[in-house]
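K.L.:
After the structure tokens below, expect a handful of questions from me.
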2 protein chains.
Amino acid sequence: MTSEGAEGAEGLGPEGVEPGTVRPGGRTARVREAVLRAAGDALVEHGFDGLDLADVARRAEVGKTTVYRRWSAPAGLVADLLTDMAEQSLPRTDTGSLEEDLRANARLVVRTLTDPRQGALFVAVIAAAACDPRTAEALHRFYAVRIGEWSGCVEAAVERGDLPAGTDPGEVIAAVSAPLYYRLLASGAPLDEGAADRAAAAAVAAARAGVFVR
Amino acid sequence: MTSEGAEGAEGLGPEGVEPGTVRPGGRTARVREAVLRAAGDALVEHGFDGLDLADVARRAEVGKTTVYRRWSAPAGLVADLLTDMAEQSLPRTDTGSLEEDLRANARLVVRTLTDPRQGALFVAVIAAAACDPRTAEALHRFYAVRIGEWSGCVEAAVERGDLPAGTDPGEVIAAVSAPLYYRLLASGAPLDEGAADRAAAAAVAAARAGVFVR
DNA sequence: CCATAAACGGTTCTGTGGTTCCGTTAAGGT
DNA sequence: ACCTTAACGGAACCACAGAACCGTTTATGG
């Protein structure tokens, strides 16, 4: 600390830069990975409101100071977890039939949401997003990625004249997921294969009717 | 309390009965009302994770001991708030046209969810439900009531042959709300009148196609 | 109208979630 | 290979959410 000219030193900004941004390699990356995995486990077990950062630190075998310093609040940790989840994408099916593709998508969503681990994780993550704007932002990005991944099969359907020209692919994909999430979060109606197939069929019917034409 | 034969007295169960159940009149009812109102305000302002029971007590001008005793955890308070919300229902429209009715419903939902107070309240309440099973239960009951209230117009449409026989009214109503809640909670897509009208149109198209026939 | 105890409410106490401090380890530039 | 300092980690510390205690108010049955 001998020759700093402008900002940075002490007392000027509340914090210089986010920790983990200047030296993101080696140890830092390893810590992040371990903490995010531990956070996922903790969320599955205790839900969002039961998320204890000290517990996460213990699971990750990391000092709790580190967790508090890098992610401050529970919501921040979940937000980071979400950006991580958005990166690891699963490949979509492409059968050449819109019904089939959307049904496959719907069933995948149901399988995910009813899976003991994944389902609990999604519920917790959505709870977190409903509590914190920055986490909500991260969640929106996550779904934008997921919707983008599956838009292809709708675009193909439009291409081959199976759907009206100008149909918004994202709207169609979202229309498939929406009823399933509504069951999960709001109505509590059962999430089974029948629900999945109905969701897909409803989206197809609406799309064919031109409801999603921009 | 002179001649109770079996349970009740002391030391048997951890707590005899829930406070507020034996003498629900007068003061108790007044307190409940004030606390629920205050809880609503607090939820709107700070969200579910920022819900502080002491703060609620202060707003309601009630001892914080009372709040802790009667509702124990924040989630319990929200659950009670939800049963209260389920009771005050708004009347639905009945224009005689399925499209019109569903569009009115969709627009009402959008108006509710985008209203600064109501919207925040719903988000907070859903967050609470995503954190606690008993609150989730209360939320499911709430939506069962709301869906039941609007089922009439679908039943009428079936009656007059506007929809296939055997169409499940609840499914149709849920199909209207689902995309709107999906936007609110998951995708973050804008919640405007266009979205409402599309949601209603999609539900109608799917229902006409017989997707919701039991 | 009175007696009983249900429910309320102020105060005090405590466990713990989160912060601060400071020494140690190891990225990353030269 | 070496030096600077970003980032980690243990320990002591603190504020406050939530429980426990006990006296006061007031529903409710007779």
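Just remember, in the structure tokens the first chain shown is A, the second B, etc., residues are 1-based per chain, and ligands are 1-based in the order shown.
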Taking only C-alpha atoms into account, which residues of chain B are within 7 Å of chain A, as a PDB file with all heavy atoms, in the first residue's frame?

P.N.:
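File part02.pdb, as written:
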ATOM      1  N   GLY B  47     -41.385  -8.973   2.175  1.00  0.00           N
ATOM      2  CA  GLY B  47     -41.358 -10.331   1.643  1.00  0.00           C
ATOM      3  C   GLY B  47     -41.371 -11.367   2.745  1.00  0.00           C
ATOM      4  O   GLY B  47     -41.294 -11.032   3.931  1.00  0.00           O
ATOM      5  N   PHE B  48     -41.450 -12.620   2.325  1.00  0.00           N
ATOM      6  CA  PHE B  48     -41.602 -13.678   3.322  1.00  0.00           C
ATOM      7  C   PHE B  48     -40.364 -13.847   4.182  1.00  0.00           C
ATOM      8  O   PHE B  48     -40.459 -13.966   5.412  1.00  0.00           O
ATOM      9  CB  PHE B  48     -41.942 -15.001   2.644  1.00  0.00           C
ATOM     10  CG  PHE B  48     -41.927 -16.151   3.594  1.00  0.00           C
ATOM     11  CD1 PHE B  48     -42.844 -16.220   4.636  1.00  0.00           C
ATOM     12  CD2 PHE B  48     -40.991 -17.166   3.473  1.00  0.00           C
ATOM     13  CE1 PHE B  48     -42.835 -17.276   5.537  1.00  0.00           C
ATOM     14  CE2 PHE B  48     -40.982 -18.228   4.364  1.00  0.00           C
ATOM     15  CZ  PHE B  48     -41.898 -18.288   5.389  1.00  0.00           C
ATOM     16  N   ASP B  49     -39.204 -13.827   3.583  1.00  0.00           N
ATOM     17  CA  ASP B  49     -37.992 -14.070   4.383  1.00  0.00           C
ATOM     18  C   ASP B  49     -37.693 -12.902   5.307  1.00  0.00           C
ATOM     19  O   ASP B  49     -36.974 -13.065   6.278  1.00  0.00           O
ATOM     20  CB  ASP B  49     -36.800 -14.374   3.473  1.00  0.00           C
ATOM     21  CG  ASP B  49     -36.464 -13.193   2.590  1.00  0.00           C
ATOM     22  OD1 ASP B  49     -37.359 -12.364   2.358  1.00  0.00           O
ATOM     23  OD2 ASP B  49     -35.317 -13.093   2.132  1.00  0.00           O
ATOM     24  N   VAL B 123     -46.806 -13.138  -4.114  1.00  0.00           N
ATOM     25  CA  VAL B 123     -45.457 -13.678  -4.230  1.00  0.00           C
ATOM     26  C   VAL B 123     -44.956 -14.152  -2.859  1.00  0.00           C
ATOM     27  O   VAL B 123     -44.427 -15.260  -2.726  1.00  0.00           O
ATOM     28  CB  VAL B 123     -44.494 -12.608  -4.804  1.00  0.00           C
ATOM     29  CG1 VAL B 123     -43.058 -13.063  -4.681  1.00  0.00           C
ATOM     30  CG2 VAL B 123     -44.831 -12.317  -6.253  1.00  0.00           C
ATOM     31  N   ALA B 124     -45.176 -13.327  -1.871  1.00  0.00           N
ATOM     32  CA  ALA B 124     -44.706 -13.673  -0.525  1.00  0.00           C
ATOM     33  C   ALA B 124     -45.396 -14.926  -0.014  1.00  0.00           C
ATOM     34  O   ALA B 124     -44.771 -15.810   0.586  1.00  0.00           O
ATOM     35  CB  ALA B 124     -44.958 -12.505   0.424  1.00  0.00           C
ATOM     36  N   ALA B 127     -44.064 -17.935  -1.710  1.00  0.00           N
ATOM     37  CA  ALA B 127     -42.748 -18.237  -1.146  1.00  0.00           C
ATOM     38  C   ALA B 127     -42.908 -18.990   0.169  1.00  0.00           C
ATOM     39  O   ALA B 127     -42.234 -19.985   0.418  1.00  0.00           O
ATOM     40  CB  ALA B 127     -41.955 -16.949  -0.924  1.00  0.00           C
ATOM     41  N   ALA B 130     -43.855 -22.453  -0.409  1.00  0.00           N
ATOM     42  CA  ALA B 130     -42.747 -23.250  -0.939  1.00  0.00           C
ATOM     43  C   ALA B 130     -41.746 -23.590   0.162  1.00  0.00           C
ATOM     44  O   ALA B 130     -40.829 -24.371  -0.048  1.00  0.00           O
ATOM     45  CB  ALA B 130     -42.052 -22.493  -2.063  1.00  0.00           C
ATOM     46  N   CYS B 131     -41.921 -22.998   1.322  1.00  0.00           N
ATOM     47  CA  CYS B 131     -40.998 -23.251   2.427  1.00  0.00           C
ATOM     48  C   CYS B 131     -41.591 -24.169   3.479  1.00  0.00           C
ATOM     49  O   CYS B 131     -40.855 -24.804   4.240  1.00  0.00           O
ATOM     50  CB  CYS B 131     -40.596 -21.926   3.097  1.00  0.00           C
ATOM     51  SG  CYS B 131     -39.463 -20.943   2.113  1.00  0.00           S
ATOM     52  N   LEU B 139     -52.446 -22.990   0.948  1.00  0.00           N
ATOM     53  CA  LEU B 139     -52.447 -22.372  -0.379  1.00  0.00           C
ATOM     54  C   LEU B 139     -53.270 -23.204  -1.357  1.00  0.00           C
ATOM     55  O   LEU B 139     -54.043 -22.666  -2.154  1.00  0.00           O
ATOM     56  CB  LEU B 139     -51.020 -22.219  -0.895  1.00  0.00           C
ATOM     57  CG  LEU B 139     -50.865 -21.411  -2.178  1.00  0.00           C
ATOM     58  CD1 LEU B 139     -51.180 -19.951  -1.943  1.00  0.00           C
ATOM     59  CD2 LEU B 139     -49.474 -21.550  -2.765  1.00  0.00           C
ATOM     60  N   HIS B 140     -53.114 -24.516  -1.288  1.00  0.00           N
ATOM     61  CA  HIS B 140     -53.887 -25.399  -2.170  1.00  0.00           C
ATOM     62  C   HIS B 140     -55.377 -25.223  -1.916  1.00  0.00           C
ATOM     63  O   HIS B 140     -56.178 -25.156  -2.848  1.00  0.00           O
ATOM     64  CB  HIS B 140     -53.479 -26.851  -1.953  1.00  0.00           C
ATOM     65  CG  HIS B 140     -52.038 -27.120  -2.237  1.00  0.00           C
ATOM     66  ND1 HIS B 140     -51.369 -28.232  -1.777  1.00  0.00           N
ATOM     67  CD2 HIS B 140     -51.119 -26.412  -2.923  1.00  0.00           C
ATOM     68  CE1 HIS B 140     -50.122 -28.199  -2.188  1.00  0.00           C
ATOM     69  NE2 HIS B 140     -49.936 -27.088  -2.872  1.00  0.00           N
ATOM     70  N   TYR B 143     -56.556 -21.994  -3.553  1.00  0.00           N
ATOM     71  CA  TYR B 143     -56.778 -22.065  -4.999  1.00  0.00           C
ATOM     72  C   TYR B 143     -57.941 -22.972  -5.342  1.00  0.00           C
ATOM     73  O   TYR B 143     -58.641 -22.735  -6.333  1.00  0.00           O
ATOM     74  CB  TYR B 143     -55.493 -22.476  -5.728  1.00  0.00           C
ATOM     75  CG  TYR B 143     -54.553 -21.311  -5.862  1.00  0.00           C
ATOM     76  CD1 TYR B 143     -53.376 -21.236  -5.121  1.00  0.00           C
ATOM     77  CD2 TYR B 143     -54.865 -20.244  -6.688  1.00  0.00           C
ATOM     78  CE1 TYR B 143     -52.528 -20.148  -5.218  1.00  0.00           C
ATOM     79  CE2 TYR B 143     -54.022 -19.142  -6.795  1.00  0.00           C
ATOM     80  CZ  TYR B 143     -52.861 -19.109  -6.055  1.00  0.00           C
ATOM     81  OH  TYR B 143     -52.040 -18.011  -6.144  1.00  0.00           O
ATOM     82  N   ALA B 144     -58.163 -24.005  -4.535  1.00  0.00           N
ATOM     83  CA  ALA B 144     -59.332 -24.857  -4.769  1.00  0.00           C
ATOM     84  C   ALA B 144     -60.600 -24.018  -4.678  1.00  0.00           C
ATOM     85  O   ALA B 144     -61.509 -24.145  -5.507  1.00  0.00           O
ATOM     86  CB  ALA B 144     -59.357 -25.993  -3.750  1.00  0.00           C
ATOM     87  N   ALA B 175     -55.961 -23.676 -16.285  1.00  0.00           N
ATOM     88  CA  ALA B 175     -55.188 -23.434 -17.504  1.00  0.00           C
ATOM     89  C   ALA B 175     -55.110 -21.948 -17.832  1.00  0.00           C
ATOM     90  O   ALA B 175     -54.161 -21.497 -18.467  1.00  0.00           O
ATOM     91  CB  ALA B 175     -55.809 -24.202 -18.670  1.00  0.00           C
ATOM     92  N   ALA B 178     -52.475 -20.539 -15.076  1.00  0.00           N
ATOM     93  CA  ALA B 178     -51.130 -21.122 -15.090  1.00  0.00           C
ATOM     94  C   ALA B 178     -50.075 -20.281 -15.815  1.00  0.00           C
ATOM     95  O   ALA B 178     -49.030 -19.985 -15.232  1.00  0.00           O
ATOM     96  CB  ALA B 178     -51.188 -22.539 -15.652  1.00  0.00           C
ATOM     97  N   PRO B 179     -50.330 -19.864 -17.059  1.00  0.00           N
ATOM     98  CA  PRO B 179     -49.282 -19.116 -17.752  1.00  0.00           C
ATOM     99  C   PRO B 179     -48.962 -17.794 -17.069  1.00  0.00           C
ATOM    100  O   PRO B 179     -47.833 -17.306 -17.134  1.00  0.00           O
ATOM    101  CB  PRO B 179     -49.869 -18.861 -19.139  1.00  0.00           C
ATOM    102  CG  PRO B 179     -51.103 -19.662 -19.231  1.00  0.00           C
ATOM    103  CD  PRO B 179     -51.531 -20.050 -17.878  1.00  0.00           C
ATOM    104  N   TYR B 181     -49.116 -17.152 -13.745  1.00  0.00           N
ATOM    105  CA  TYR B 181     -48.273 -17.441 -12.591  1.00  0.00           C
ATOM    106  C   TYR B 181     -46.872 -17.850 -13.032  1.00  0.00           C
ATOM    107  O   TYR B 181     -45.884 -17.538 -12.366  1.00  0.00           O
ATOM    108  CB  TYR B 181     -48.912 -18.524 -11.724  1.00  0.00           C
ATOM    109  CG  TYR B 181     -49.952 -17.978 -10.799  1.00  0.00           C
ATOM    110  CD1 TYR B 181     -51.268 -17.815 -11.209  1.00  0.00           C
ATOM    111  CD2 TYR B 181     -49.628 -17.573  -9.504  1.00  0.00           C
ATOM    112  CE1 TYR B 181     -52.234 -17.291 -10.374  1.00  0.00           C
ATOM    113  CE2 TYR B 181     -50.589 -17.043  -8.650  1.00  0.00           C
ATOM    114  CZ  TYR B 181     -51.878 -16.903  -9.093  1.00  0.00           C
ATOM    115  OH  TYR B 181     -52.817 -16.370  -8.255  1.00  0.00           O
ATOM    116  N   TYR B 182     -46.811 -18.565 -14.146  1.00  0.00           N
ATOM    117  CA  TYR B 182     -45.496 -18.952 -14.668  1.00  0.00           C
ATOM    118  C   TYR B 182     -44.666 -17.718 -14.983  1.00  0.00           C
ATOM    119  O   TYR B 182     -43.475 -17.652 -14.684  1.00  0.00           O
ATOM    120  CB  TYR B 182     -45.670 -19.815 -15.911  1.00  0.00           C
ATOM    121  CG  TYR B 182     -44.388 -20.382 -16.455  1.00  0.00           C
ATOM    122  CD1 TYR B 182     -43.808 -21.506 -15.879  1.00  0.00           C
ATOM    123  CD2 TYR B 182     -43.749 -19.800 -17.548  1.00  0.00           C
ATOM    124  CE1 TYR B 182     -42.629 -22.037 -16.379  1.00  0.00           C
ATOM    125  CE2 TYR B 182     -42.572 -20.324 -18.060  1.00  0.00           C
ATOM    126  CZ  TYR B 182     -42.018 -21.446 -17.473  1.00  0.00           C
ATOM    127  OH  TYR B 182     -40.851 -21.958 -17.969  1.00  0.00           O
ATOM    128  N   LEU B 185     -43.633 -16.038 -11.535  1.00  0.00           N
ATOM    129  CA  LEU B 185     -42.691 -16.727 -10.671  1.00  0.00           C
ATOM    130  C   LEU B 185     -41.457 -17.249 -11.385  1.00  0.00           C
ATOM    131  O   LEU B 185     -40.361 -17.235 -10.822  1.00  0.00           O
ATOM    132  CB  LEU B 185     -43.395 -17.907  -9.993  1.00  0.00           C
ATOM    133  CG  LEU B 185     -44.569 -17.530  -9.107  1.00  0.00           C
ATOM    134  CD1 LEU B 185     -45.352 -18.768  -8.726  1.00  0.00           C
ATOM    135  CD2 LEU B 185     -44.075 -16.799  -7.869  1.00  0.00           C
ATOM    136  N   ALA B 186     -41.628 -17.713 -12.603  1.00  0.00           N
ATOM    137  CA  ALA B 186     -40.523 -18.411 -13.253  1.00  0.00           C
ATOM    138  C   ALA B 186     -39.845 -17.577 -14.330  1.00  0.00           C
ATOM    139  O   ALA B 186     -38.703 -17.152 -14.160  1.00  0.00           O
ATOM    140  CB  ALA B 186     -41.014 -19.735 -13.833  1.00  0.00           C
ATOM    141  N   SER B 187     -40.563 -17.315 -15.425  1.00  0.00           N
ATOM    142  CA  SER B 187     -39.900 -16.708 -16.577  1.00  0.00           C
ATOM    143  C   SER B 187     -39.676 -15.218 -16.414  1.00  0.00           C
ATOM    144  O   SER B 187     -38.750 -14.662 -16.991  1.00  0.00           O
ATOM    145  CB  SER B 187     -40.714 -16.964 -17.840  1.00  0.00           C
ATOM    146  OG  SER B 187     -41.835 -16.098 -17.894  1.00  0.00           O
ATOM    147  N   GLY B 188     -40.537 -14.557 -15.655  1.00  0.00           N
ATOM    148  CA  GLY B 188     -40.387 -13.120 -15.490  1.00  0.00           C
ATOM    149  C   GLY B 188     -40.877 -12.336 -16.694  1.00  0.00           C
ATOM    150  O   GLY B 188     -40.701 -11.119 -16.751  1.00  0.00           O
ATOM    151  N   ARG B 198     -54.106 -13.808 -24.168  1.00  0.00           N
ATOM    152  CA  ARG B 198     -53.528 -15.000 -24.759  1.00  0.00           C
ATOM    153  C   ARG B 198     -53.779 -16.222 -23.865  1.00  0.00           C
ATOM    154  O   ARG B 198     -54.098 -17.303 -24.360  1.00  0.00           O
ATOM    155  CB  ARG B 198     -52.029 -14.807 -24.976  1.00  0.00           C
ATOM    156  CG  ARG B 198     -51.624 -14.928 -26.444  1.00  0.00           C
ATOM    157  CD  ARG B 198     -50.207 -14.481 -26.649  1.00  0.00           C
ATOM    158  NE  ARG B 198     -50.053 -13.064 -26.375  1.00  0.00           N
ATOM    159  CZ  ARG B 198     -49.041 -12.536 -25.699  1.00  0.00           C
ATOM    160  NH1 ARG B 198     -48.082 -13.307 -25.216  1.00  0.00           N
ATOM    161  NH2 ARG B 198     -48.990 -11.230 -25.493  1.00  0.00           N
ATOM    162  N   ALA B 201     -57.356 -17.217 -24.351  1.00  0.00           N
ATOM    163  CA  ALA B 201     -57.558 -17.799 -25.681  1.00  0.00           C
ATOM    164  C   ALA B 201     -56.971 -19.201 -25.750  1.00  0.00           C
ATOM    165  O   ALA B 201     -57.573 -20.120 -26.332  1.00  0.00           O
ATOM    166  CB  ALA B 201     -56.922 -16.898 -26.740  1.00  0.00           C
ATOM    167  N   ALA B 202     -55.792 -19.378 -25.153  1.00  0.00           N
ATOM    168  CA  ALA B 202     -55.142 -20.696 -25.174  1.00  0.00           C
ATOM    169  C   ALA B 202     -55.995 -21.719 -24.436  1.00  0.00           C
ATOM    170  O   ALA B 202     -56.176 -22.844 -24.910  1.00  0.00           O
ATOM    171  CB  ALA B 202     -53.756 -20.605 -24.543  1.00  0.00           C
ATOM    172  N   ALA B 205     -58.995 -22.611 -26.623  1.00  0.00           N
ATOM    173  CA  ALA B 205     -58.602 -23.460 -27.755  1.00  0.00           C
ATOM    174  C   ALA B 205     -58.375 -24.900 -27.292  1.00  0.00           C
ATOM    175  O   ALA B 205     -58.853 -25.847 -27.916  1.00  0.00           O
ATOM    176  CB  ALA B 205     -57.336 -22.897 -28.398  1.00  0.00           C
ATOM    177  N   ALA B 206     -57.661 -25.042 -26.167  1.00  0.00           N
ATOM    178  CA  ALA B 206     -57.368 -26.384 -25.652  1.00  0.00           C
ATOM    179  C   ALA B 206     -58.647 -27.083 -25.211  1.00  0.00           C
ATOM    180  O   ALA B 206     -58.855 -28.269 -25.491  1.00  0.00           O
ATOM    181  CB  ALA B 206     -56.373 -26.288 -24.492  1.00  0.00           C
ATOM    182  N   ALA B 209     -60.636 -28.295 -28.062  1.00  0.00           N
ATOM    183  CA  ALA B 209     -60.005 -29.462 -28.691  1.00  0.00           C
ATOM    184  C   ALA B 209     -60.198 -30.718 -27.852  1.00  0.00           C
ATOM    185  O   ALA B 209     -59.756 -31.797 -28.233  1.00  0.00           O
ATOM    186  CB  ALA B 209     -58.515 -29.189 -28.899  1.00  0.00           C
ATOM    187  N   VAL B 211     -58.985 -31.311 -24.792  1.00  0.00           N
ATOM    188  CA  VAL B 211     -57.816 -31.695 -23.998  1.00  0.00           C
ATOM    189  C   VAL B 211     -58.194 -31.936 -22.540  1.00  0.00           C
ATOM    190  O   VAL B 211     -57.597 -32.764 -21.865  1.00  0.00           O
ATOM    191  CB  VAL B 211     -56.737 -30.607 -24.079  1.00  0.00           C
ATOM    192  CG1 VAL B 211     -55.589 -30.915 -23.145  1.00  0.00           C
ATOM    193  CG2 VAL B 211     -56.237 -30.452 -25.505  1.00  0.00           C
TER     194      VAL B 211
END

K.L.:
Residues of stretch 115-171 of chain B classed as helix (DSSP H, G or I) by DSSP on the backbone are to be reported as JSON, numbers by chain.

P.N.:
{"B": [116, 117, 118, 119, 120, 121, 122, 123, 124, 125, 126, 127, 128, 129, 130, 131, 133, 134, 135, 136, 137, 138, 139, 140, 141, 142, 143, 144, 145, 146, 147, 148, 149, 150, 151, 152, 153, 154, 155, 156, 157, 158, 159, 169, 170, 171]}

K.L.:
Could you take the residues named above and write them with N, CA and C atoms, as a CSV table (one decimal), in the first residue's frame?

P.N.:
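And here is the file that came out, again_7.csv:
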chain,number,residue,atom,x,y,z
B,116,PRO,N,-49.4,-3.4,-6.9
B,116,PRO,CA,-48.2,-3.3,-6.0
B,116,PRO,C,-48.4,-4.1,-4.7
B,117,ARG,N,-49.6,-3.9,-4.1
B,117,ARG,CA,-49.8,-4.6,-2.8
B,117,ARG,C,-50.2,-6.1,-3.0
B,118,GLN,N,-51.2,-6.3,-3.8
B,118,GLN,CA,-51.7,-7.7,-3.9
B,118,GLN,C,-50.6,-8.6,-4.6
B,119,GLY,N,-49.9,-8.1,-5.6
B,119,GLY,CA,-48.9,-8.9,-6.2
B,119,GLY,C,-47.8,-9.3,-5.3
B,120,ALA,N,-47.3,-8.3,-4.6
B,120,ALA,CA,-46.3,-8.6,-3.6
B,120,ALA,C,-46.8,-9.6,-2.6
B,121,LEU,N,-48.0,-9.5,-2.2
B,121,LEU,CA,-48.6,-10.4,-1.2
B,121,LEU,C,-48.6,-11.8,-1.7
B,122,PHE,N,-49.1,-12.0,-2.9
B,122,PHE,CA,-49.1,-13.3,-3.5
B,122,PHE,C,-47.8,-13.9,-3.7
B,123,VAL,N,-46.8,-13.1,-4.1
B,123,VAL,CA,-45.5,-13.7,-4.2
B,123,VAL,C,-45.0,-14.2,-2.9
B,124,ALA,N,-45.2,-13.3,-1.9
B,124,ALA,CA,-44.7,-13.7,-0.5
B,124,ALA,C,-45.4,-14.9,0.0
B,125,VAL,N,-46.7,-15.0,-0.3
B,125,VAL,CA,-47.5,-16.1,0.2
B,125,VAL,C,-47.0,-17.4,-0.5
B,126,ILE,N,-46.7,-17.3,-1.7
B,126,ILE,CA,-46.3,-18.5,-2.5
B,126,ILE,C,-44.9,-18.9,-2.0
B,127,ALA,N,-44.1,-17.9,-1.7
B,127,ALA,CA,-42.7,-18.2,-1.1
B,127,ALA,C,-42.9,-19.0,0.2
B,128,ALA,N,-43.8,-18.5,1.0
B,128,ALA,CA,-44.1,-19.2,2.3
B,128,ALA,C,-44.5,-20.6,2.1
B,129,ALA,N,-45.4,-20.8,1.1
B,129,ALA,CA,-45.9,-22.1,0.8
B,129,ALA,C,-44.8,-23.0,0.3
B,130,ALA,N,-43.9,-22.5,-0.4
B,130,ALA,CA,-42.7,-23.2,-0.9
B,130,ALA,C,-41.7,-23.6,0.2
B,131,CYS,N,-41.9,-23.0,1.3
B,131,CYS,CA,-41.0,-23.3,2.4
B,131,CYS,C,-41.6,-24.2,3.5
B,133,PRO,N,-44.8,-27.1,4.4
B,133,PRO,CA,-45.9,-28.0,3.9
B,133,PRO,C,-47.3,-27.5,4.4
B,134,ARG,N,-47.4,-27.1,5.6
B,134,ARG,CA,-48.7,-26.7,6.1
B,134,ARG,C,-49.2,-25.5,5.4
B,135,THR,N,-48.3,-24.6,5.2
B,135,THR,CA,-48.7,-23.4,4.4
B,135,THR,C,-49.0,-23.7,3.0
B,136,ALA,N,-48.3,-24.7,2.4
B,136,ALA,CA,-48.6,-25.2,1.1
B,136,ALA,C,-50.0,-25.7,1.0
B,137,GLU,N,-50.4,-26.5,2.1
B,137,GLU,CA,-51.7,-27.1,2.2
B,137,GLU,C,-52.8,-25.9,2.2
B,138,ALA,N,-52.5,-24.9,2.9
B,138,ALA,CA,-53.5,-23.8,3.0
B,138,ALA,C,-53.6,-23.1,1.6
B,139,LEU,N,-52.4,-23.0,0.9
B,139,LEU,CA,-52.4,-22.4,-0.4
B,139,LEU,C,-53.3,-23.2,-1.4
B,140,HIS,N,-53.1,-24.5,-1.3
B,140,HIS,CA,-53.9,-25.4,-2.2
B,140,HIS,C,-55.4,-25.2,-1.9
B,141,ARG,N,-55.8,-25.1,-0.6
B,141,ARG,CA,-57.2,-24.9,-0.3
B,141,ARG,C,-57.6,-23.6,-0.9
B,142,PHE,N,-56.8,-22.6,-0.8
B,142,PHE,CA,-57.1,-21.3,-1.3
B,142,PHE,C,-57.4,-21.3,-2.8
B,143,TYR,N,-56.6,-22.0,-3.6
B,143,TYR,CA,-56.8,-22.1,-5.0
B,143,TYR,C,-57.9,-23.0,-5.3
B,144,ALA,N,-58.2,-24.0,-4.5
B,144,ALA,CA,-59.3,-24.9,-4.8
B,144,ALA,C,-60.6,-24.0,-4.7
B,145,VAL,N,-60.6,-23.1,-3.7
B,145,VAL,CA,-61.8,-22.2,-3.5
B,145,VAL,C,-61.9,-21.3,-4.7
B,146,ARG,N,-60.9,-20.7,-5.1
B,146,ARG,CA,-60.9,-19.7,-6.2
B,146,ARG,C,-61.3,-20.4,-7.5
B,147,ILE,N,-60.7,-21.6,-7.8
B,147,ILE,CA,-61.1,-22.3,-9.0
B,147,ILE,C,-62.5,-22.8,-9.0
B,148,GLY,N,-63.0,-23.2,-7.8
B,148,GLY,CA,-64.4,-23.6,-7.7
B,148,GLY,C,-65.3,-22.5,-8.0
B,149,GLU,N,-64.9,-21.2,-7.5
B,149,GLU,CA,-65.8,-20.1,-7.8
B,149,GLU,C,-66.0,-19.8,-9.3
B,150,TRP,N,-65.0,-20.1,-10.1
B,150,TRP,CA,-65.0,-19.7,-11.5
B,150,TRP,C,-65.4,-20.9,-12.3
B,151,SER,N,-65.6,-22.1,-11.7
B,151,SER,CA,-65.9,-23.3,-12.5
B,151,SER,C,-67.3,-23.1,-13.2
B,152,GLY,N,-68.1,-22.3,-12.6
B,152,GLY,CA,-69.5,-22.2,-13.1
B,152,GLY,C,-69.6,-21.8,-14.6
B,153,CYS,N,-68.7,-20.9,-15.0
B,153,CYS,CA,-68.9,-20.5,-16.4
B,153,CYS,C,-68.4,-21.6,-17.4
B,154,VAL,N,-67.5,-22.4,-16.9
B,154,VAL,CA,-67.1,-23.5,-17.8
B,154,VAL,C,-68.3,-24.6,-17.8
B,155,GLU,N,-68.9,-24.8,-16.7
B,155,GLU,CA,-70.0,-25.8,-16.6
B,155,GLU,C,-71.1,-25.3,-17.6
B,156,ALA,N,-71.4,-24.0,-17.5
B,156,ALA,CA,-72.4,-23.4,-18.3
B,156,ALA,C,-72.1,-23.6,-19.8
B,157,ALA,N,-70.8,-23.4,-20.2
B,157,ALA,CA,-70.4,-23.6,-21.5
B,157,ALA,C,-70.6,-25.0,-22.0
B,158,VAL,N,-70.3,-26.0,-21.1
B,158,VAL,CA,-70.5,-27.4,-21.4
B,158,VAL,C,-72.0,-27.6,-21.7
B,159,GLU,N,-72.8,-27.1,-20.7
B,159,GLU,CA,-74.2,-27.2,-20.8
B,159,GLU,C,-74.8,-26.8,-22.1
B,169,PRO,N,-64.1,-28.6,-15.5
B,169,PRO,CA,-64.1,-27.2,-15.3
B,169,PRO,C,-62.8,-26.6,-14.6
B,170,GLY,N,-62.4,-27.3,-13.5
B,170,GLY,CA,-61.3,-26.9,-12.8
B,170,GLY,C,-60.0,-26.8,-13.6
B,171,GLU,N,-59.8,-27.8,-14.5
B,171,GLU,CA,-58.7,-27.8,-15.4
B,171,GLU,C,-58.6,-26.6,-16.3

K.L.:
Can I get the residues of chain A within 8 Å of chain D, each with the closest pair of atoms and their distance in Å to one decimal, using only C-alpha atoms (C1' of nucleotides), sorted chain first then ascending number, as JSON lines?

P.N.:
{"residue": "A:Pro19", "atom": "CA", "partner": "D:DA7", "partner_atom": "C1'", "distance": 7.3}
{"residue": "A:Gly20", "atom": "CA", "partner": "D:DA7", "partner_atom": "C1'", "distance": 7.2}
{"residue": "A:Val22", "atom": "CA", "partner": "D:DA6", "partner_atom": "C1'", "distance": 7.1}
{"residue": "A:Arg23", "atom": "CA", "partner": "D:DA6", "partner_atom": "C1'", "distance": 6.5}
{"residue": "A:Thr28", "atom": "CA", "partner": "D:DA7", "partner_atom": "C1'", "distance": 7.2}
{"residue": "A:Val62", "atom": "CA", "partner": "D:DG9", "partner_atom": "C1'", "distance": 7.6}
{"residue": "A:Gly63", "atom": "CA", "partner": "D:DG9", "partner_atom": "C1'", "distance": 5.1}
{"residue": "A:Lys64", "atom": "CA", "partner": "D:DG9", "partner_atom": "C1'", "distance": 8.0}
{"residue": "A:Thr65", "atom": "CA", "partner": "D:DG9", "partner_atom": "C1'", "distance": 7.1}
{"residue": "A:Thr66", "atom": "CA", "partner": "D:DC8", "partner_atom": "C1'", "distance": 6.5}

K.L.:
With all C-alpha atoms paired in order, what RMSD does the least-squares fit of chain B onto chain A leave?

P.N.:
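That gives an RMSD of 1.0 Å.
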